[in-house]
There are 2 protein chains.
Amino acid sequence: MFSKTCEYAIRAMIFIAQKSDEENKVGIKEIAQGIDSPEHFIGKILQDLSRKGMVQSTKGPNGGFYLSGDALNRSLADIIKVIDGDKIFHGCGLGLKQCSEAQPCPIHHEFKQVRAQMQAMLEKAKLGAFTEELVQKVTFLKRN
Amino acid sequence: MFSKTCEYAIRAMIFIAQKSDEENKVGIKEIAQGIDSPEHFIGKILQDLSRKGMVQSTKGPNGGFYLSGDALNRSLADIIKVIDGDKIFHGCGLGLKQCSEAQPCPIHHEFKQVRAQMQAMLEKAKLGAFTEELVQKVTFLKRN
DNA sequence: ATAATAAAAGACAAAAATATCTTTTATTAG
DNA sequence: CTAATAAAAGATATTTTTGTCTTTTATTAT
């Protein structure tokens with residue numbers, strides 16, 4: 001569905017949203033451990049998200065990652081778009097570049113509906129909203 | 001969403017369903033041309049589908065690929081399962097192996113619904129059903 | 001100022017997915 | 001039986017994705 005990079009990105013962002021604020025930043029090691037991902041790999045991904053303004057970071061002692069108010073309002077769909085692009089929301093299910101309303105692939109119309117629902121759900125899922133459930137341990141970000 | 005391999009597989013199978021029967025088989029070259037895919041690559045994919053009984057083939061002059069009655073009754077979901085496996089239908093949206101009802105990831109419940117709809121739609125889409133629309137040119141399998 | 005810390009950046013490596021080319025095997029028509 | 005045809009199989013190449021390791025830069029505390 002999503003690339004591994006994107007899965008890590010989503011998990012990391014939810015983790016950061018939950019574990020940090022402007023005063024208490026969270027480091028790469030803790031993130032990698034918390035979401036069960038390779039440390040340097042998630043580092044790269046967060047660099048990328050940082051350049052694109054999705055997450056804030058500072059270097060040095062007590063440095064790390066955190067989310068500004070703005071960032072907490074972003075949705076999972078925003079992260080996905082930044083990492084994997086939006087072909088999952090708009091591309092043809094069969095990979096046809098010219099697939100369109102006028103020239104639909106055999107599953108175009110049905111697909112459109114399912115995709116719209118997925119997008120709606122991912123747009124609605126704001127990062128800030130996950131903090132509570134994680135604290136209460138009703139959802140999980142790790143394999144074990 | 002699906003791998004390229006899987007997209008080619010679906011397009012090829014729909015193409016074969018439409019273009020062939022037991023008497024009039026369709027060759028790899030024609031398929032590759034018809035769905036705009038690399039010839040040898042779709043060859044490999046069809047070999048695989050053939051081994052798994054999803055498509056019939058014969059060698060030699062007038063040989064090629066065709067679908068038996070059984071095969072015409074298969075759904076796009078069947079093809080996807082054979083090529084990409086069923087993690088798209090059952091796997092966690094965030095790639096967590098241990099994600100479950102008891103230990104759900106943050107988007108588990110919403111995702112489950114969207115995925116179920118997608119699966120239902122793909123299960124309902126039988127290969128045999130596409131032949132008519134393609135003949136009538138209301139759907140397309142090529143980029144241009 | 002200096003040392004310690006932590007992210008940023010760059011280089012490199014491994015694995016998987018995608019694609020191509022060549023040889024072999026089965027079938028058919030002549 | 002032979003030549004032609006077409007898929008099957010095998011080998012290899014390329015590209016993309018995923019992952020690791022090392023060096024650099026920025027920040028902080030002492």
# chains A, B, ... in the order shown; residues from 1 in each chain; ligands from 1
>>> residues_around(residues="B:Asn62", least_positions_apart="4", cutoff="10 Å", atoms="only C-alpha atoms (C1' of nucleotides)", output="VMD selection string")
(chain B and resid 23 to 27 58) or (chain C and resid 27 to 28) or (chain D and resid 5 to 6)
>>> residues_around(residues="D:DA4", least_positions_apart="2", cutoff="9 Å", atoms="only C-alpha atoms (C1' of nucleotides)", output="PyMOL selection string")
(chain B and resi 60-61) or (chain C and resi 28-29)
>>> write_last_selection(atoms="C-alpha atoms (C1' of nucleotides)", output="PDB file, in the first residue's frame")
ATOM      1  CA  GLY B  60       4.198 -23.894 -31.065  1.00  0.00           C
ATOM      2  CA  PRO B  61       2.433 -22.513 -34.127  1.00  0.00           C
TER       3      PRO B  61
ATOM      4  C1'  DT C  28       2.569 -27.917 -35.625  1.00  0.00           C
ATOM      5  C1'  DA C  29       2.591 -27.589 -40.604  1.00  0.00           C
TER       6       DA C  29
END
>>> closest_atom_pairs(of="chain C", to="chain B", cutoff="12 Å", atoms="only C-alpha atoms (C1' of nucleotides)", output="CSV")
residue,atom,partner,partner_atom,distance
C:DA16,C1',B:Ser3,CA,11.8
C:DA17,C1',B:Lys4,CA,8.6
C:DT18,C1',B:Lys4,CA,8.1
C:DA19,C1',B:Phe41,CA,6.5
C:DT20,C1',B:His40,CA,7.3
C:DC21,C1',B:His40,CA,9.2
C:DT22,C1',B:His40,CA,11.8
C:DT25,C1',B:Lys59,CA,9.1
C:DA26,C1',B:Lys59,CA,5.9
C:DT27,C1',B:Gly60,CA,4.3
C:DT28,C1',B:Pro61,CA,5.6
C:DA29,C1',B:Pro61,CA,8.2
>>> closest_atom_pairs(of="stretch 42-131 of chain A", to="stretch 108-126 of chain B", cutoff="7 Å", atoms="only C-alpha atoms", output="JSON lines")
{"residue": "A:Val114", "atom": "CA", "partner": "B:Met118", "partner_atom": "CA", "distance": 6.0}
{"residue": "A:Gln117", "atom": "CA", "partner": "B:Val114", "partner_atom": "CA", "distance": 6.8}
{"residue": "A:Met118", "atom": "CA", "partner": "B:Val114", "partner_atom": "CA", "distance": 6.0}
>>> closest_atom_pairs(of="chain D", to="chain A", cutoff="8 Å", atoms="only C-alpha atoms (C1' of nucleotides)", output="CSV")
residue,atom,partner,partner_atom,distance
D:DG19,C1',A:Phe41,CA,6.4
D:DT20,C1',A:His40,CA,7.3
D:DA26,C1',A:Lys59,CA,5.9
D:DT27,C1',A:Gly60,CA,4.3
D:DT28,C1',A:Pro61,CA,5.5
>>> write_last_selection(atoms="N, CA and C atoms (P, O5', C5', C4', C3', O3' and C1' of nucleotides)", output="PDB file, in the first residue's frame")
ATOM      1  P    DG D  19      14.385  -1.212   5.518  1.00  0.00           P
ATOM      2  O5'  DG D  19      15.959  -1.038   5.665  1.00  0.00           O
ATOM      3  C5'  DG D  19      16.809  -2.124   5.340  1.00  0.00           C
ATOM      4  C4'  DG D  19      18.259  -1.694   5.473  1.00  0.00           C
ATOM      5  C3'  DG D  19      18.635  -1.069   6.815  1.00  0.00           C
ATOM      6  O3'  DG D  19      19.541  -1.947   7.457  1.00  0.00           O
ATOM      7  C1'  DG D  19      19.631   0.095   4.994  1.00  0.00           C
ATOM      8  P    DT D  20      20.186  -1.531   8.849  1.00  0.00           P
ATOM      9  O5'  DT D  20      21.586  -0.897   8.393  1.00  0.00           O
ATOM     10  C5'  DT D  20      22.525  -1.725   7.716  1.00  0.00           C
ATOM     11  C4'  DT D  20      23.820  -0.968   7.506  1.00  0.00           C
ATOM     12  C3'  DT D  20      24.468  -0.403   8.776  1.00  0.00           C
ATOM     13  O3'  DT D  20      25.780  -0.926   8.835  1.00  0.00           O
ATOM     14  C1'  DT D  20      24.411   1.233   7.064  1.00  0.00           C
ATOM     15  P    DA D  26      26.738  25.120  10.276  1.00  0.00           P
ATOM     16  O5'  DA D  26      25.883  24.925  11.612  1.00  0.00           O
ATOM     17  C5'  DA D  26      24.608  24.320  11.508  1.00  0.00           C
ATOM     18  C4'  DA D  26      24.110  23.997  12.895  1.00  0.00           C
ATOM     19  C3'  DA D  26      24.097  25.194  13.848  1.00  0.00           C
ATOM     20  O3'  DA D  26      22.815  25.241  14.437  1.00  0.00           O
ATOM     21  C1'  DA D  26      25.213  23.356  14.843  1.00  0.00           C
ATOM     22  P    DT D  27      22.362  26.466  15.360  1.00  0.00           P
ATOM     23  O5'  DT D  27      22.532  25.886  16.823  1.00  0.00           O
ATOM     24  C5'  DT D  27      21.780  24.726  17.183  1.00  0.00           C
ATOM     25  C4'  DT D  27      22.262  24.229  18.521  1.00  0.00           C
ATOM     26  C3'  DT D  27      22.316  25.296  19.616  1.00  0.00           C
ATOM     27  O3'  DT D  27      21.291  24.968  20.544  1.00  0.00           O
ATOM     28  C1'  DT D  27      24.183  23.822  19.697  1.00  0.00           C
ATOM     29  P    DT D  28      20.978  25.940  21.798  1.00  0.00           P
ATOM     30  O5'  DT D  28      21.751  25.194  22.974  1.00  0.00           O
ATOM     31  C5'  DT D  28      21.562  23.793  23.152  1.00  0.00           C
ATOM     32  C4'  DT D  28      22.555  23.297  24.176  1.00  0.00           C
ATOM     33  C3'  DT D  28      22.675  24.196  25.409  1.00  0.00           C
ATOM     34  O3'  DT D  28      22.337  23.416  26.544  1.00  0.00           O
ATOM     35  C1'  DT D  28      24.808  23.579  24.566  1.00  0.00           C
TER      36       DT D  28
END
>>> interface_residues(of="chain B", to="chain A", cutoff="9 Å", atoms="only C-alpha atoms", output="ChimeraX atom specification")
/B:1-2,4,6-8,10-11,14,87-88,93-99,102-108,110-111,114-115,117-118,121-122,125,130,133-134,137-144
>>> select_by_dssp(residues="stretch 9-108 of chain A", states="alpha helix (DSSP H)", output="ChimeraX atom specification")
/A:9-19,28-35,39-51,69-72,76-84,87-90,108
>>> select_by_dssp(residues="stretch 18-106 of chain A", states="strand (DSSP E or B)", output="short mmCIF file (atom, residue, chain, number, x, y, z; two decimals) with N, CA and C atoms, in the first residue's frame")
data_model
loop_
_atom_site.label_atom_id
_atom_site.label_comp_id
_atom_site.auth_asym_id
_atom_site.auth_seq_id
_atom_site.Cartn_x
_atom_site.Cartn_y
_atom_site.Cartn_z
N VAL A 26 12.51 14.88 21.14
CA VAL A 26 12.79 13.44 21.18
C VAL A 26 13.86 13.11 20.13
N GLN A 56 9.82 19.78 13.18
CA GLN A 56 10.87 20.71 13.60
C GLN A 56 12.00 19.93 14.27
N SER A 57 13.22 20.49 14.18
CA SER A 57 14.33 19.82 14.85
C SER A 57 15.38 20.84 15.28
N THR A 58 16.14 20.47 16.31
CA THR A 58 17.31 21.27 16.67
C THR A 58 18.46 20.32 17.00
N GLY A 64 16.71 17.53 19.20
CA GLY A 64 15.87 16.41 18.76
C GLY A 64 14.72 16.91 17.91
N PHE A 65 13.71 16.10 17.80
CA PHE A 65 12.57 16.45 16.96
C PHE A 65 11.34 16.78 17.80
N TYR A 66 10.53 17.66 17.26
CA TYR A 66 9.26 17.97 17.90
C TYR A 66 8.34 18.58 16.87
N SER A 75 -2.23 16.06 8.56
CA SER A 75 -2.88 14.75 8.53
C SER A 75 -1.92 13.69 8.00
#
>>> closest_residue(among="A:Leu67, A:Asp21, A:Leu127, A:Gly34", to="A:Ile79", atoms="only C-alpha atoms")
A:Leu127
>>> decode(residues="stretch 29-128 of chain B", atoms="C-alpha atoms", output="PDB file, in the first residue's frame")
ATOM      1  CA  LYS B  29       3.923 -10.083 -28.604  1.00  0.00           C
ATOM      2  CA  GLU B  30       0.328  -9.135 -29.160  1.00  0.00           C
ATOM      3  CA  ILE B  31      -0.309  -9.002 -25.433  1.00  0.00           C
ATOM      4  CA  ALA B  32       2.744  -6.845 -24.748  1.00  0.00           C
ATOM      5  CA  GLN B  33       1.691  -4.508 -27.498  1.00  0.00           C
ATOM      6  CA  GLY B  34      -1.915  -4.501 -26.405  1.00  0.00           C
ATOM      7  CA  ILE B  35      -1.244  -3.548 -22.807  1.00  0.00           C
ATOM      8  CA  ASP B  36       1.930  -1.535 -23.365  1.00  0.00           C
ATOM      9  CA  SER B  37       4.340  -3.652 -21.320  1.00  0.00           C
ATOM     10  CA  PRO B  38       7.828  -5.063 -21.886  1.00  0.00           C
ATOM     11  CA  GLU B  39       7.470  -8.251 -23.879  1.00  0.00           C
ATOM     12  CA  HIS B  40       9.783 -10.542 -21.929  1.00  0.00           C
ATOM     13  CA  PHE B  41       8.632  -9.196 -18.626  1.00  0.00           C
ATOM     14  CA  ILE B  42       4.991  -9.974 -19.242  1.00  0.00           C
ATOM     15  CA  GLY B  43       6.205 -13.335 -20.532  1.00  0.00           C
ATOM     16  CA  LYS B  44       7.663 -14.125 -17.131  1.00  0.00           C
ATOM     17  CA  ILE B  45       4.553 -12.970 -15.363  1.00  0.00           C
ATOM     18  CA  LEU B  46       2.298 -15.111 -17.544  1.00  0.00           C
ATOM     19  CA  GLN B  47       4.567 -18.126 -17.021  1.00  0.00           C
ATOM     20  CA  ASP B  48       4.001 -17.653 -13.346  1.00  0.00           C
ATOM     21  CA  LEU B  49       0.246 -17.238 -13.684  1.00  0.00           C
ATOM     22  CA  SER B  50       0.189 -20.275 -15.936  1.00  0.00           C
ATOM     23  CA  ARG B  51       2.002 -22.458 -13.398  1.00  0.00           C
ATOM     24  CA  LYS B  52      -0.570 -21.378 -10.874  1.00  0.00           C
ATOM     25  CA  GLY B  53      -3.439 -22.317 -13.159  1.00  0.00           C
ATOM     26  CA  MET B  54      -4.734 -18.796 -13.689  1.00  0.00           C
ATOM     27  CA  VAL B  55      -4.193 -18.869 -17.452  1.00  0.00           C
ATOM     28  CA  GLN B  56      -3.792 -21.592 -20.065  1.00  0.00           C
ATOM     29  CA  SER B  57      -1.100 -21.728 -22.729  1.00  0.00           C
ATOM     30  CA  THR B  58       0.207 -23.887 -25.545  1.00  0.00           C
ATOM     31  CA  LYS B  59       3.503 -23.741 -27.373  1.00  0.00           C
ATOM     32  CA  GLY B  60       4.198 -23.894 -31.065  1.00  0.00           C
ATOM     33  CA  PRO B  61       2.433 -22.513 -34.127  1.00  0.00           C
ATOM     34  CA  ASN B  62      -0.988 -21.122 -33.327  1.00  0.00           C
ATOM     35  CA  GLY B  63      -0.006 -21.385 -29.701  1.00  0.00           C
ATOM     36  CA  GLY B  64      -0.424 -18.683 -27.143  1.00  0.00           C
ATOM     37  CA  PHE B  65      -2.469 -17.821 -24.096  1.00  0.00           C
ATOM     38  CA  TYR B  66      -6.173 -18.212 -23.443  1.00  0.00           C
ATOM     39  CA  LEU B  67      -8.563 -18.616 -20.552  1.00  0.00           C
ATOM     40  CA  SER B  68     -10.590 -21.683 -19.765  1.00  0.00           C
ATOM     41  CA  GLY B  69     -14.111 -21.341 -18.422  1.00  0.00           C
ATOM     42  CA  ASP B  70     -12.794 -21.661 -14.916  1.00  0.00           C
ATOM     43  CA  ALA B  71     -10.217 -18.968 -15.449  1.00  0.00           C
ATOM     44  CA  LEU B  72     -12.831 -16.562 -16.795  1.00  0.00           C
ATOM     45  CA  ASN B  73     -14.569 -16.811 -13.461  1.00  0.00           C
ATOM     46  CA  ARG B  74     -11.575 -15.632 -11.508  1.00  0.00           C
ATOM     47  CA  SER B  75     -11.562 -12.155 -10.047  1.00  0.00           C
ATOM     48  CA  LEU B  76      -8.972  -9.414 -10.057  1.00  0.00           C
ATOM     49  CA  ALA B  77      -8.547 -10.134  -6.351  1.00  0.00           C
ATOM     50  CA  ASP B  78      -7.446 -13.669  -7.244  1.00  0.00           C
ATOM     51  CA  ILE B  79      -4.751 -12.329  -9.553  1.00  0.00           C
ATOM     52  CA  ILE B  80      -3.577  -9.825  -6.977  1.00  0.00           C
ATOM     53  CA  LYS B  81      -3.345 -12.508  -4.303  1.00  0.00           C
ATOM     54  CA  VAL B  82      -1.271 -14.719  -6.580  1.00  0.00           C
ATOM     55  CA  ILE B  83       1.152 -11.953  -7.560  1.00  0.00           C
ATOM     56  CA  ASP B  84       1.389  -9.563  -4.612  1.00  0.00           C
ATOM     57  CA  GLY B  85       0.027 -11.806  -1.885  1.00  0.00           C
ATOM     58  CA  ASP B  86      -2.814 -10.767   0.359  1.00  0.00           C
ATOM     59  CA  LYS B  87      -1.082  -8.271   2.608  1.00  0.00           C
ATOM     60  CA  ILE B  88      -2.901  -5.520   0.736  1.00  0.00           C
ATOM     61  CA  PHE B  89      -6.142  -7.026   1.991  1.00  0.00           C
ATOM     62  CA  HIS B  90      -5.067  -8.101   5.448  1.00  0.00           C
ATOM     63  CA  GLY B  91      -1.782  -6.410   6.337  1.00  0.00           C
ATOM     64  CA  CYS B  92      -1.488  -3.432   8.664  1.00  0.00           C
ATOM     65  CA  GLY B  93      -1.640  -0.052   6.949  1.00  0.00           C
ATOM     66  CA  LEU B  94       1.458   1.031   8.839  1.00  0.00           C
ATOM     67  CA  GLY B  95       3.368  -2.187   8.220  1.00  0.00           C
ATOM     68  CA  LEU B  96       3.173  -3.476  11.772  1.00  0.00           C
ATOM     69  CA  LYS B  97       3.316  -7.250  11.901  1.00  0.00           C
ATOM     70  CA  GLN B  98       1.650  -7.468  15.279  1.00  0.00           C
ATOM     71  CA  CYS B  99      -1.170  -5.065  14.492  1.00  0.00           C
ATOM     72  CA  SER B 100      -4.479  -6.704  15.374  1.00  0.00           C
ATOM     73  CA  GLU B 101      -7.845  -6.098  16.924  1.00  0.00           C
ATOM     74  CA  ALA B 102      -6.293  -6.554  20.347  1.00  0.00           C
ATOM     75  CA  GLN B 103      -3.235  -4.422  19.552  1.00  0.00           C
ATOM     76  CA  PRO B 104      -4.395  -2.031  16.844  1.00  0.00           C
ATOM     77  CA  CYS B 105      -2.218   0.556  15.126  1.00  0.00           C
ATOM     78  CA  PRO B 106      -3.606   4.090  15.217  1.00  0.00           C
ATOM     79  CA  ILE B 107      -5.483   3.693  11.941  1.00  0.00           C
ATOM     80  CA  HIS B 108      -6.401   0.040  12.250  1.00  0.00           C
ATOM     81  CA  HIS B 109     -10.173   0.303  12.539  1.00  0.00           C
ATOM     82  CA  GLU B 110     -10.729   2.907   9.847  1.00  0.00           C
ATOM     83  CA  PHE B 111      -8.359   1.144   7.512  1.00  0.00           C
ATOM     84  CA  LYS B 112     -10.089  -2.157   7.922  1.00  0.00           C
ATOM     85  CA  GLN B 113     -13.284  -0.737   6.499  1.00  0.00           C
ATOM     86  CA  VAL B 114     -11.750   0.884   3.460  1.00  0.00           C
ATOM     87  CA  ARG B 115      -9.773  -2.230   2.719  1.00  0.00           C
ATOM     88  CA  ALA B 116     -12.814  -4.449   3.028  1.00  0.00           C
ATOM     89  CA  GLN B 117     -14.592  -2.334   0.439  1.00  0.00           C
ATOM     90  CA  MET B 118     -11.646  -2.498  -1.897  1.00  0.00           C
ATOM     91  CA  GLN B 119     -11.450  -6.235  -1.522  1.00  0.00           C
ATOM     92  CA  ALA B 120     -15.185  -6.646  -2.106  1.00  0.00           C
ATOM     93  CA  MET B 121     -14.925  -4.620  -5.273  1.00  0.00           C
ATOM     94  CA  LEU B 122     -11.950  -6.617  -6.554  1.00  0.00           C
ATOM     95  CA  GLU B 123     -13.566  -9.936  -5.685  1.00  0.00           C
ATOM     96  CA  LYS B 124     -16.638  -8.935  -7.618  1.00  0.00           C
ATOM     97  CA  ALA B 125     -14.646  -7.994 -10.707  1.00  0.00           C
ATOM     98  CA  LYS B 126     -14.540 -11.255 -12.675  1.00  0.00           C
ATOM     99  CA  LEU B 127     -12.323 -11.504 -15.726  1.00  0.00           C
ATOM    100  CA  GLY B 128     -15.169 -12.709 -17.898  1.00  0.00           C
TER     101      GLY B 128
END
